[in-house]
2 protein chains.
Amino acid sequence: MKRTRVTLADVAAMARVDRAVVSRVVNKDPTLNIRQETRERVLAAIDELGYRPNVAARSLRTSRAHMFGLFIPDFANPVYAEIIKGAEAEAAAQGYVLVTGSASGAGLSEYMDRIGQGRIDGLLLAGTGDDSALTRQLDQAAIPWLMLNNRSRGVNRYVILDDQRAAALAVEHLVRLGHRHIAHLAGPSRADTAARRSAGYSAAMREAGLPEGPIVAADYTPAGGAAAMTRLLAAPEPPTAVFVSNVASAIGAMEGVRAAGMEIAREVSIVAVHDLDLASYLHPALTTVRMPLAELGRRGVTLLGSLKPDDTVAEVLAGPIELIQRRSTAPPVR
Amino acid sequence: MKRTRVTLADVAAMARVDRAVVSRVVNKDPTLNIRQETRERVLAAIDELGYRPNVAARSLRTSRAHMFGLFIPDFANPVYAEIIKGAEAEAAAQGYVLVTGSASGAGLSEYMDRIGQGRIDGLLLAGTGDDSALTRQLDQAAIPWLMLNNRSRGVNRYVILDDQRAAALAVEHLVRLGHRHIAHLAGPSRADTAARRSAGYSAAMREAGLPEGPIVAADYTPAGGAAAMTRLLAAPEPPTAVFVSNVASAIGAMEGVRAAGMEIAREVSIVAVHDLDLASYLHPALTTVRMPLAELGRRGVTLLGSLKPDDTVAEVLAGPIELIQRRSTAPPVR
DNA sequence: CTGCCGGAGTCAATCGTTTGACTTCGTGCT
DNA sequence: AGCACGAAGTCAAACGATTGACTCCGGCAG
């Protein structure tokens, strides 16, 4: 077992060349003039010794860490899993490592402190809310950063999805089925995605010439969704369909329907934003709007790679948004 | 906006002391003798300039990165989310950053290459299967590593949970309800957790004096679970209860029961390993066995911190394992 | 024979921190 | 007066890789 780490110098000694040559070979420096035979000696030595460049030394010298960060509120939310997948794949394609951290370690500002200076070359913030102290800290750290999937007051570096269109798609589906009394189970008022989906709901209702049904807000959690649905169904004339802002709430909302003694689809149709594997295994299988989440992660990384500290980015990702019809929506009977 | 990065030297200059003093102040070196007044000058300068230590330089010098890695197969699996949470919290408590990577970036060996030398101080592998080439690579990298939640041939560095006991708990619950014909929807044969749960099932059945019902294996996915359940129920005399190895399979298994035109709980009881938030929102709410997953992550990090490259670890984490009874299990009617 | 050129490397400063060893100074003791 | 000692810092050599500038050499044109 190797006791001391293998360094450039060891390889250089073994191949009887200068450290510089080894470095240039490793990095495929095109300005290096070298005989085939020498190159092979170097490569053989690298192989023989099992040399791996020391990343710390390298990034100290070059001040690039070849690492991007992604910060999310919670790993348990499968929506982020999709985003991570895309981001990881793109980072790998660029020769970077993506490191994902969540708020369960500590707050973002703790995280930034620990990430410190020189550990990452860029940071993606997904689903992290308003916090102006935060953005100041980020700017001071002078690394490129970007918000993913949600915006925040006064921040003009973000990539989002077309949530408004997604909401419209959902509402149009309900309208096409014949619903006229369509309520909206919205997300938390502080969430930007919630606001955009609500706007889409309103626009689509107006477009269809229908009055906006009742709107109640809830957290993006099953518990929140259940409570909100209960409120919606308690009305004297409950809606025949509900557009739910988020799939996690929808899971709870379904429970809410059952708790009210009603039947999903036949009596109350439900459609939610974000398609997850899970949706097709719920009972009844949930009709959803699929958003290009992985693509969002991918795009975020791509942008990070080419972002200057002071650039601004305000992009609505164009990507396929489609309605996945399952069993939770049906024509109204009332 | 800061143009050049602030270094120790800048702070030292501003506070009119040597770099060494600043370094020692930052690191709270107890051997440093310093006047209160001087210390305050230093701290003021740090604050004023917004100094953050450069992690690359620091880890080059100390050869510790203050970072642990965690590698998982897939972020979409909520079981890992729990593990990550625990691991992140413990890492943060130790002043480390936990970076989580999955196979979607690239394989583990690609990941190791990119992580390179000196980027992390230890690596946790959760749910990553047998691969002897891999362990060789890890040993060569000379960083401590540990398998979490599953073992692999010839590897003697792991922490696992008491899956056997979890399985027994589930089976005992079914037996107590009066079931005598209990089948087992097992996990994939290559998964170590699956084997341990199956062993627990067998032991508990023997203990109860019952014949082992049919056993079918399936992937830890809803689709796999659905197909397997269909097979189980197609038997001439189907079981009245099924112990499912994993909650993801169980979700599919529930669908399988419905597809067979049967009613969950009344006709077929289902209990699965791993309690997730989600379980209580399924319909009917799923009876599960809760395992201390977060604790597992926490323990893994703790061990990593105190592990020597050649140490061996074979630990079955003692932690609360409990049955969470919900609506998917009931006394048999047949 | 001199000058020049390109090929094949070599030299050494640099990135920002850490840390064991050393200095300087004032005080107290003998 | 001489010395020891502790307090309060200072000094400078690492850590390992990168990279612009430089050297050395053989061949060839003039």
# chains A, B, ... in the order shown; residues from 1 in each chain; ligands from 1

$ interface_residues --of "chain B" --to "chain D" --cutoff "9 Å" --atoms "only C-alpha atoms (C1' of nucleotides)" --output "PyMOL selection string"
chain B and resi 17-18+20-21+32-35+57+59-63

$ closest_atom_pairs --of "chain C" --to "chain A" --cutoff "9 Å" --atoms "only C-alpha atoms (C1' of nucleotides)" --output "CSV"
residue,atom,partner,partner_atom,distance
C:DG7,C1',A:Asn33,CA,6.7
C:DA8,C1',A:Ile34,CA,5.8
C:DG9,C1',A:Val21,CA,7.4
C:DT10,C1',A:Asp18,CA,6.5
C:DT14,C1',A:Arg61,CA,7.6
C:DC15,C1',A:Arg61,CA,4.4
C:DG16,C1',A:Leu60,CA,7.5

$ atom_distance --atom1 "atom CA of A:Gly300" --atom2 "atom CA of A:Ala250"
27.4 Å

$ interface_residues --of "chain A" --to "chain B" --cutoff "6 Å" --atoms "only C-alpha atoms" --output "list in words"
Arg52, Asn54, Val55, Ala56, Ala57, Leu60, Phe75, Ala76, Pro78, Ala81, Lys85, Glu88, Ala89, Ala92, Val99, Thr100, Ser104, Gly105, Gln117 and Gly118 of chain A

$ write_last_selection --atoms "C-alpha atoms" --output "PDB file, in the first residue's frame"
ATOM      1  CA  ARG A  52      -3.203  11.349  -9.439  1.00  0.00           C
ATOM      2  CA  ASN A  54      -3.371  16.787  -6.219  1.00  0.00           C
ATOM      3  CA  VAL A  55      -6.445  18.876  -6.670  1.00  0.00           C
ATOM      4  CA  ALA A  56      -5.648  21.277  -3.891  1.00  0.00           C
ATOM      5  CA  ALA A  57      -2.302  22.215  -5.354  1.00  0.00           C
ATOM      6  CA  LEU A  60      -4.328  26.863  -5.618  1.00  0.00           C
ATOM      7  CA  PHE A  75     -33.130  16.089  -0.502  1.00  0.00           C
ATOM      8  CA  ALA A  76     -36.423  14.451   0.314  1.00  0.00           C
ATOM      9  CA  PRO A  78     -38.024  14.379  -5.531  1.00  0.00           C
ATOM     10  CA  ALA A  81     -33.674  14.854  -7.551  1.00  0.00           C
ATOM     11  CA  LYS A  85     -29.556  14.514 -12.221  1.00  0.00           C
ATOM     12  CA  GLU A  88     -24.672  16.324 -12.501  1.00  0.00           C
ATOM     13  CA  ALA A  89     -24.690  14.958 -15.987  1.00  0.00           C
ATOM     14  CA  ALA A  92     -19.565  15.635 -15.654  1.00  0.00           C
ATOM     15  CA  VAL A  99     -21.487  18.808  -5.210  1.00  0.00           C
ATOM     16  CA  THR A 100     -24.935  19.050  -3.831  1.00  0.00           C
ATOM     17  CA  SER A 104     -29.941  20.076   6.638  1.00  0.00           C
ATOM     18  CA  GLY A 105     -26.224  20.516   7.089  1.00  0.00           C
ATOM     19  CA  GLN A 117     -12.888  30.659  -0.989  1.00  0.00           C
ATOM     20  CA  GLY A 118     -11.645  28.608  -3.841  1.00  0.00           C
TER      21      GLY A 118
END

$ select_by_dssp --residues "stretch 143-201 of chain B" --states "strand (DSSP E or B)" --output "PyMOL selection string"
chain B and resi 145-148+157-160+182-186

$ atom_distance --atom1 "atom CA of B:Thr230" --atom2 "atom CA of B:Leu177"
23.2 Å

$ atom_distance --atom1 "atom CA of A:Met262" --atom2 "atom CA of A:Pro238"
10.9 Å

$ select_by_dssp --residues "stretch 23-64 of chain B" --states "helix (DSSP H, G or I)" --output "list in words"
Ser23, Arg24, Val25, Val26, Gln36, Glu37, Thr38, Arg39, Glu40, Arg41, Val42, Leu43, Ala44, Ala45, Ile46, Asp47, Glu48, Leu49, Val55, Ala56, Ala57, Arg58, Ser59, Leu60, Arg61 and Thr62 of chain B
